[in-house]
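Visitor: I have a structure I would like to understand better, so I am pasting it below and will then ask my questions one at a time.
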Number of protein chains: 2
Amino acid sequence: MFTLVNYVVLRIMTIKYLLDNNFKPTLYKKGDVIYEPGAQPRAVYFIKTGKVRMVTVNDDGKEFIQGIFKSSEYFGEPALLVNKPYLAYTIATQDSEIIAVKGEDFFEMLKAQPDFSMKLIQTLSHRLFYKSMMLEELANEHAEHRIRTLIAYLFKDVEHTQELKVTRQQLADMSGLRVETVIRIIKKLSDQKELKLIKGKIIKI
Amino acid sequence: MFTLVNYVVLRIMTIKYLLDNNFKPTLYKKGDVIYEPGAQPRAVYFIKTGKVRMVTVNDDGKEFIQGIFKSSEYFGEPALLVNKPYLAYTIATQDSEIIAVKGEDFFEMLKAQPDFSMKLIQTLSHRLFYKSMMLEELANEHAEHRIRTLIAYLFKDVEHTQELKVTRQQLADMSGLRVETVIRIIKKLSDQKELKLIKGKIIKI
DNA sequence: ATTTAAGTATGATCTGGATCATAAATTAAC
DNA sequence: GTTAATTTATGATCCAGATCATACTTAAAT
């Protein structure tokens, strides 16, 4: 069976494969936009180093974080694969080196490497899982439940007593709530000893 | 490039392939549960005939419709592929013949047929697209906007002057709103001539 | 053709979380 | 080390949509 370890190895291998095959990373500075909604997809983006956030923005300018991608992950395939314009912005949240693999090359990779194809299927399944979970939350659950579920998810493969590297604003932007609401709920969860706060940082208990 | 026509053909071919290879459909009666949340996935389900709805249910019994699957479509792969318990119920909304393909056989199919693998990637991408769109709506948009977007999506490959085969309750269960709210909004959209109502049925304008 | 069930319709009230406003505590930048 | 910029914090008010209640209409079952 497919394990977490070879999953990670395969991810790193993919970047190596690209570099070995002469794909060149582009440098994006913090805040740079990699693509915007409405644009026609032409490539899949592999992150060599750095981090990006994928956000949809409504008419009032309110952001919703669709996903966060970091080193050795890739993004932008769904739009390319269904051949529809992007729905979201993708923005570097720190300086990042990103390899853009053109559509044809990506399809080539898929054909040439059945392993990669299988891995993509798993990656897409993971993302679907997360989105299904969040849809249920946003549709049916109240603020406190949403934040509990989201924090549990973010903490899922994190050690005891480690801190969460997300701001209240980001939690708000992932849960469809407002910062003030998230702040009040985090405080409440802390009062109930469901988590610990040290200088405002959220610590797993 | 991959077109809608060969996409549909491939879908139908898959069922034919399964029948030719001696996979036997099981009959589910209207209301029968195919699987429930918490169960460990062992198979992928291909619908020969009929229709199912995939729903998550919260503690108060409120349903959220994660997806509706019909003839020649399949469901249940993400949980199998990431090897996590199901999140949702899948329930036959009418009498249905469904072929359960065991995990091993499904992985076999994927390996043996690169076409199928590519098609699965596209299918997952489509579902991700829909879920991303709905997440943005549930997180950021007001009731009227949600219903507009949802109706536009449901009408997307439907002719002019055709009727929507969904109830107000189903729209509510897909948008995280309450029936009364959906009813009031549909009425308003009708008043604004954005759609037509005939005996309560929603008609594309 | 009647009964029953499911879906649609509408008004009145209530409430969770948004919004607004203002300040304190951290962190980043120079 | 000081200033500037984020982030966290907290109270007061407001409102979209939930909830409750009740009735009507259409479709399904017998």
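Ordered as shown in the structure tokens, chains take letters A, B, and onward, while each chain numbers its residues from 1 and ligands are numbered from 1 in the order shown.
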Which residues are close to Gln122 of chain B, i.e. within 9 Å by only C-alpha atoms (C1' of nucleotides), leaving aside same-chain residues fewer than 4 positions away? Reply as a ChimeraX atom specification.
Guide: /A:78,81-82 /B:117-118,126-127
Visitor: Please produce a file of those selected residues containing C-alpha atoms, as a PDB file, in the first residue's frame.
Guide:
ATOM      1  CA  PRO A  78      -7.718  21.269 -11.781  1.00  0.00           C
ATOM      2  CA  LEU A  81      -7.380  19.625 -16.558  1.00  0.00           C
ATOM      3  CA  VAL A  82     -10.980  20.756 -16.962  1.00  0.00           C
TER       4      VAL A  82
ATOM      5  CA  SER B 117      -6.771   7.096 -15.025  1.00  0.00           C
ATOM      6  CA  MET B 118      -6.793  10.324 -17.028  1.00  0.00           C
ATOM      7  CA  HIS B 126     -14.489  18.773 -11.865  1.00  0.00           C
ATOM      8  CA  ARG B 127     -15.682  17.934  -8.385  1.00  0.00           C
TER       9      ARG B 127
END
Visitor: Go through chain B and flag each residue having an atom no more than 8 Å from chain C; for those, report the closest pair of atoms plus their distance in Å to one decimal, using only C-alpha atoms (C1' of nucleotides), ordered by chain and rising number, as a tab-separated table.
Guide:
residue	atom	partner	partner_atom	distance
B:Thr167	CA	C:DG7	C1'	7.6
B:Ile183	CA	C:DT8	C1'	7.4
B:Gly200	CA	C:DT8	C1'	7.0
Visitor: Kindly provide, as a list in words, the residues of chain D having any atom no farther than 8 Å from an atom of chain A, counting only C-alpha atoms (C1' of nucleotides).
Guide: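 Using only C-alpha atoms (C1' of nucleotides), chain D residues at most 8 Å from chain A: DT7, DT8 and DA9 of chain D.
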Visitor: Just write the chosen residues, C-alpha atoms (C1' of nucleotides), as a JSON list (two decimals), in the first residue's frame.
Guide:
[["chain", "number", "residue", "atom", "x", "y", "z"],
["D", 7, "DT", "C1'", -2.16, 41.11, 15.13],
["D", 8, "DT", "C1'", -4.93, 40.36, 19.17],
["D", 9, "DA", "C1'", -8.48, 42.04, 22.29]]
Visitor: Report as a VMD selection string all protein, DNA and RNA residues lying within 8 Å of Thr26 of chain B, evaluated on only C-alpha atoms (C1' of nucleotides), omitting residues in the same chain fewer than 5 positions from it.
Guide: chain B and resid 97 to 100
Visitor: Pull out every residue of chain A that has at least one atom within 8 Å of chain B, counting only C-alpha atoms, and report them as a PDB file with N, CA and C atoms, in the first residue's frame.
Guide:
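As a result, iface-v8.pdb now contains:
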ATOM      1  N   THR A  56     -10.040  33.005  -3.134  1.00  0.00           N
ATOM      2  CA  THR A  56     -11.089  33.656  -3.917  1.00  0.00           C
ATOM      3  C   THR A  56     -11.459  34.926  -3.172  1.00  0.00           C
ATOM      4  N   ASN A  58     -14.427  38.025  -2.891  1.00  0.00           N
ATOM      5  CA  ASN A  58     -15.771  38.441  -3.344  1.00  0.00           C
ATOM      6  C   ASN A  58     -15.802  39.929  -3.658  1.00  0.00           C
ATOM      7  N   LYS A  62     -13.659  40.548   0.417  1.00  0.00           N
ATOM      8  CA  LYS A  62     -13.407  39.555   1.459  1.00  0.00           C
ATOM      9  C   LYS A  62     -12.764  38.306   0.848  1.00  0.00           C
ATOM     10  N   GLU A  63     -11.666  37.867   1.467  1.00  0.00           N
ATOM     11  CA  GLU A  63     -10.938  36.703   0.958  1.00  0.00           C
ATOM     12  C   GLU A  63     -11.457  35.405   1.554  1.00  0.00           C
ATOM     13  N   PHE A  64     -11.395  34.358   0.755  1.00  0.00           N
ATOM     14  CA  PHE A  64     -11.569  33.011   1.299  1.00  0.00           C
ATOM     15  C   PHE A  64     -10.365  32.187   0.868  1.00  0.00           C
ATOM     16  N   GLN A  66      -8.697  29.146  -0.212  1.00  0.00           N
ATOM     17  CA  GLN A  66      -9.051  27.836  -0.772  1.00  0.00           C
ATOM     18  C   GLN A  66      -7.973  26.813  -0.454  1.00  0.00           C
ATOM     19  N   GLU A  77      -3.554  22.508 -11.230  1.00  0.00           N
ATOM     20  CA  GLU A  77      -3.924  21.465 -12.186  1.00  0.00           C
ATOM     21  C   GLU A  77      -5.427  21.408 -12.473  1.00  0.00           C
ATOM     22  N   PRO A  78      -6.305  21.486 -11.458  1.00  0.00           N
ATOM     23  CA  PRO A  78      -7.718  21.269 -11.781  1.00  0.00           C
ATOM     24  C   PRO A  78      -8.213  22.139 -12.934  1.00  0.00           C
ATOM     25  N   ALA A  79      -7.906  23.427 -12.862  1.00  0.00           N
ATOM     26  CA  ALA A  79      -8.366  24.339 -13.910  1.00  0.00           C
ATOM     27  C   ALA A  79      -7.811  23.922 -15.269  1.00  0.00           C
ATOM     28  N   LEU A  81      -6.847  20.929 -16.158  1.00  0.00           N
ATOM     29  CA  LEU A  81      -7.380  19.625 -16.558  1.00  0.00           C
ATOM     30  C   LEU A  81      -8.815  19.709 -17.045  1.00  0.00           C
ATOM     31  N   VAL A  82      -9.602  20.620 -16.477  1.00  0.00           N
ATOM     32  CA  VAL A  82     -10.980  20.756 -16.962  1.00  0.00           C
ATOM     33  C   VAL A  82     -11.078  21.880 -17.984  1.00  0.00           C
ATOM     34  N   LEU A  87     -10.507  30.119 -10.828  1.00  0.00           N
ATOM     35  CA  LEU A  87     -11.520  30.738  -9.964  1.00  0.00           C
ATOM     36  C   LEU A  87     -10.863  31.644  -8.929  1.00  0.00           C
ATOM     37  N   LYS A 111       1.594  10.837 -18.690  1.00  0.00           N
ATOM     38  CA  LYS A 111       1.642   9.635 -19.532  1.00  0.00           C
ATOM     39  C   LYS A 111       2.908   8.826 -19.245  1.00  0.00           C
ATOM     40  N   PRO A 114       3.346   6.541 -14.641  1.00  0.00           N
ATOM     41  CA  PRO A 114       2.098   6.096 -14.012  1.00  0.00           C
ATOM     42  C   PRO A 114       2.105   6.383 -12.512  1.00  0.00           C
ATOM     43  N   SER A 117       0.908   9.846 -11.947  1.00  0.00           N
ATOM     44  CA  SER A 117      -0.524   9.882 -12.209  1.00  0.00           C
ATOM     45  C   SER A 117      -1.296   9.410 -10.974  1.00  0.00           C
ATOM     46  N   MET A 118      -0.847   8.326 -10.392  1.00  0.00           N
ATOM     47  CA  MET A 118      -1.479   7.777  -9.183  1.00  0.00           C
ATOM     48  C   MET A 118      -1.360   8.763  -8.036  1.00  0.00           C
ATOM     49  N   LEU A 120      -1.091  11.991  -8.287  1.00  0.00           N
ATOM     50  CA  LEU A 120      -1.985  13.119  -8.541  1.00  0.00           C
ATOM     51  C   LEU A 120      -3.401  12.770  -8.107  1.00  0.00           C
ATOM     52  N   ILE A 121      -3.826  11.561  -8.424  1.00  0.00           N
ATOM     53  CA  ILE A 121      -5.166  11.117  -8.029  1.00  0.00           C
ATOM     54  C   ILE A 121      -5.319  11.184  -6.515  1.00  0.00           C
ATOM     55  N   GLN A 122      -4.305  10.779  -5.807  1.00  0.00           N
ATOM     56  CA  GLN A 122      -4.350  10.841  -4.345  1.00  0.00           C
ATOM     57  C   GLN A 122      -4.375  12.269  -3.834  1.00  0.00           C
ATOM     58  N   LEU A 124      -5.491  14.912  -5.382  1.00  0.00           N
ATOM     59  CA  LEU A 124      -6.811  15.482  -5.647  1.00  0.00           C
ATOM     60  C   LEU A 124      -7.831  14.935  -4.652  1.00  0.00           C
ATOM     61  N   SER A 125      -7.719  13.660  -4.326  1.00  0.00           N
ATOM     62  CA  SER A 125      -8.639  13.058  -3.356  1.00  0.00           C
ATOM     63  C   SER A 125      -8.501  13.717  -1.985  1.00  0.00           C
ATOM     64  N   HIS A 126      -7.273  13.975  -1.581  1.00  0.00           N
ATOM     65  CA  HIS A 126      -7.045  14.670  -0.315  1.00  0.00           C
ATOM     66  C   HIS A 126      -7.704  16.034  -0.294  1.00  0.00           C
ATOM     67  N   ARG A 127      -7.514  16.750  -1.364  1.00  0.00           N
ATOM     68  CA  ARG A 127      -8.091  18.103  -1.413  1.00  0.00           C
ATOM     69  C   ARG A 127      -9.614  18.035  -1.380  1.00  0.00           C
ATOM     70  N   LEU A 128     -10.174  17.049  -2.079  1.00  0.00           N
ATOM     71  CA  LEU A 128     -11.632  16.876  -2.078  1.00  0.00           C
ATOM     72  C   LEU A 128     -12.124  16.580  -0.671  1.00  0.00           C
ATOM     73  N   PHE A 129     -11.395  15.751   0.022  1.00  0.00           N
ATOM     74  CA  PHE A 129     -11.736  15.407   1.398  1.00  0.00           C
ATOM     75  C   PHE A 129     -11.806  16.660   2.254  1.00  0.00           C
ATOM     76  N   LYS A 131     -12.150  19.764   1.302  1.00  0.00           N
ATOM     77  CA  LYS A 131     -13.225  20.673   0.883  1.00  0.00           C
ATOM     78  C   LYS A 131     -14.599  20.141   1.289  1.00  0.00           C
ATOM     79  N   SER A 132     -14.776  18.822   1.228  1.00  0.00           N
ATOM     80  CA  SER A 132     -16.056  18.250   1.654  1.00  0.00           C
ATOM     81  C   SER A 132     -16.281  18.532   3.136  1.00  0.00           C
ATOM     82  N   MET A 133     -15.225  18.348   3.896  1.00  0.00           N
ATOM     83  CA  MET A 133     -15.312  18.593   5.330  1.00  0.00           C
ATOM     84  C   MET A 133     -15.675  20.049   5.605  1.00  0.00           C
ATOM     85  N   MET A 134     -14.982  20.957   4.931  1.00  0.00           N
ATOM     86  CA  MET A 134     -15.250  22.370   5.177  1.00  0.00           C
ATOM     87  C   MET A 134     -16.633  22.787   4.668  1.00  0.00           C
ATOM     88  N   LEU A 135     -17.083  22.202   3.582  1.00  0.00           N
ATOM     89  CA  LEU A 135     -18.426  22.526   3.082  1.00  0.00           C
ATOM     90  C   LEU A 135     -19.471  22.161   4.127  1.00  0.00           C
ATOM     91  N   GLU A 136     -19.354  20.962   4.659  1.00  0.00           N
ATOM     92  CA  GLU A 136     -20.281  20.538   5.722  1.00  0.00           C
ATOM     93  C   GLU A 136     -20.241  21.542   6.870  1.00  0.00           C
ATOM     94  N   LEU A 138     -19.259  24.772   6.865  1.00  0.00           N
ATOM     95  CA  LEU A 138     -19.800  26.101   6.521  1.00  0.00           C
ATOM     96  C   LEU A 138     -21.313  26.046   6.329  1.00  0.00           C
ATOM     97  N   ALA A 139     -21.795  24.909   5.839  1.00  0.00           N
ATOM     98  CA  ALA A 139     -23.232  24.814   5.566  1.00  0.00           C
ATOM     99  C   ALA A 139     -24.029  24.615   6.843  1.00  0.00           C
ATOM    100  N   ASN A 140     -23.515  23.805   7.746  1.00  0.00           N
ATOM    101  CA  ASN A 140     -24.358  23.324   8.845  1.00  0.00           C
ATOM    102  C   ASN A 140     -23.916  23.695  10.240  1.00  0.00           C
ATOM    103  N   GLU A 141     -22.668  24.065  10.424  1.00  0.00           N
ATOM    104  CA  GLU A 141     -22.188  24.200  11.789  1.00  0.00           C
ATOM    105  C   GLU A 141     -21.978  25.645  12.217  1.00  0.00           C
ATOM    106  N   SER A 175     -12.599  29.848   7.370  1.00  0.00           N
ATOM    107  CA  SER A 175     -13.841  29.343   7.963  1.00  0.00           C
ATOM    108  C   SER A 175     -15.046  30.192   7.608  1.00  0.00           C
ATOM    109  N   GLY A 176     -14.814  31.273   6.893  1.00  0.00           N
ATOM    110  CA  GLY A 176     -15.921  32.154   6.512  1.00  0.00           C
ATOM    111  C   GLY A 176     -16.437  32.990   7.666  1.00  0.00           C
ATOM    112  N   LEU A 177     -15.627  33.125   8.716  1.00  0.00           N
ATOM    113  CA  LEU A 177     -16.041  33.949   9.852  1.00  0.00           C
ATOM    114  C   LEU A 177     -15.263  35.261   9.838  1.00  0.00           C
TER     115      LEU A 177
END
Visitor: Once DSSP has gone over the backbone, tell me which residues of segment 9-179 of chain A are in helix (DSSP H, G or I), as a PyMOL selection string.
Guide: chain A and resi 9-20+77-82+103-112+114-140+143-154+168-175+179
Visitor: Take atom CA of Val101 of chain B and atom CA of Tyr45 of chain B and report the distance between them in Å, one decimal.
Guide: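 For atom CA of Val101 of chain B relative to atom CA of Tyr45 of chain B, the distance reads 6.2 Å.
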Visitor: Enumerate, as a PyMOL selection string, the complete set of residues in segment 2-71 of chain B that a backbone-based DSSP assignment places in strand (DSSP E).
Guide: chain B and resi 26-28+33-35+43-49+51-57+63-70
Visitor: Neighbouring residues of Leu195 of chain B were defined as those with any atom within 7 Å, considering only C-alpha atoms (C1' of nucleotides); residues of the same chain fewer than 6 positions away were excluded. Please report them as an mmCIF file with C-alpha atoms, in the first residue's frame.
Guide:
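Output contents, as saved in selection_8.cif:
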data_model
loop_
_atom_site.group_PDB
_atom_site.id
_atom_site.type_symbol
_atom_site.label_atom_id
_atom_site.label_comp_id
_atom_site.auth_asym_id
_atom_site.auth_seq_id
_atom_site.Cartn_x
_atom_site.Cartn_y
_atom_site.Cartn_z
ATOM 1 C CA LEU B 189 -35.832 35.998 -8.571
ATOM 2 C CA ILE B 202 -38.259 26.585 -11.758
ATOM 3 C CA ILE B 203 -37.879 27.243 -15.496
ATOM 4 C CA LYS B 204 -34.770 28.577 -17.213
ATOM 5 C CA ILE B 205 -35.421 31.849 -18.926
#
Visitor: I want to know what sits within 10 Å of Ile15 of chain A, based on only C-alpha atoms (C1' of nucleotides), with residues of the same chain fewer than 3 positions away left out; could you give that as a list in words?
Guide: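 Final neighbour list, sorted by chain and number: Leu10, Arg11, Ile12, Leu18, Leu19, Asp20, Asn21, Phe23, Phe46, Ile47, Lys48, Ser71, Ser72, Glu73, Tyr74, Ile98 and Ile99 of chain A.
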Visitor: Those same residues, written as a PDB file, in the first residue's frame with C-alpha atoms?
Guide:
ATOM      1  CA  LEU A  10       7.763  11.021  -4.509  1.00  0.00           C
ATOM      2  CA  ARG A  11       6.899  14.675  -4.039  1.00  0.00           C
ATOM      3  CA  ILE A  12      10.489  15.659  -3.603  1.00  0.00           C
ATOM      4  CA  LEU A  18      11.923  18.698 -13.207  1.00  0.00           C
ATOM      5  CA  LEU A  19      15.235  20.331 -12.333  1.00  0.00           C
ATOM      6  CA  ASP A  20      17.151  17.432 -13.901  1.00  0.00           C
ATOM      7  CA  ASN A  21      15.100  17.883 -17.046  1.00  0.00           C
ATOM      8  CA  PHE A  23      12.828  23.144 -16.115  1.00  0.00           C
ATOM      9  CA  PHE A  46       5.527  23.281  -8.767  1.00  0.00           C
ATOM     10  CA  ILE A  47       6.928  24.979  -5.703  1.00  0.00           C
ATOM     11  CA  LYS A  48      10.656  24.441  -5.320  1.00  0.00           C
ATOM     12  CA  SER A  71       7.664  23.535  -0.805  1.00  0.00           C
ATOM     13  CA  SER A  72       7.467  20.419  -3.018  1.00  0.00           C
ATOM     14  CA  GLU A  73       3.717  20.777  -3.607  1.00  0.00           C
ATOM     15  CA  TYR A  74       2.026  21.868  -6.806  1.00  0.00           C
ATOM     16  CA  ILE A  98       8.223  28.157  -8.666  1.00  0.00           C
ATOM     17  CA  ILE A  99       8.518  25.977 -11.768  1.00  0.00           C
TER      18      ILE A  99
END
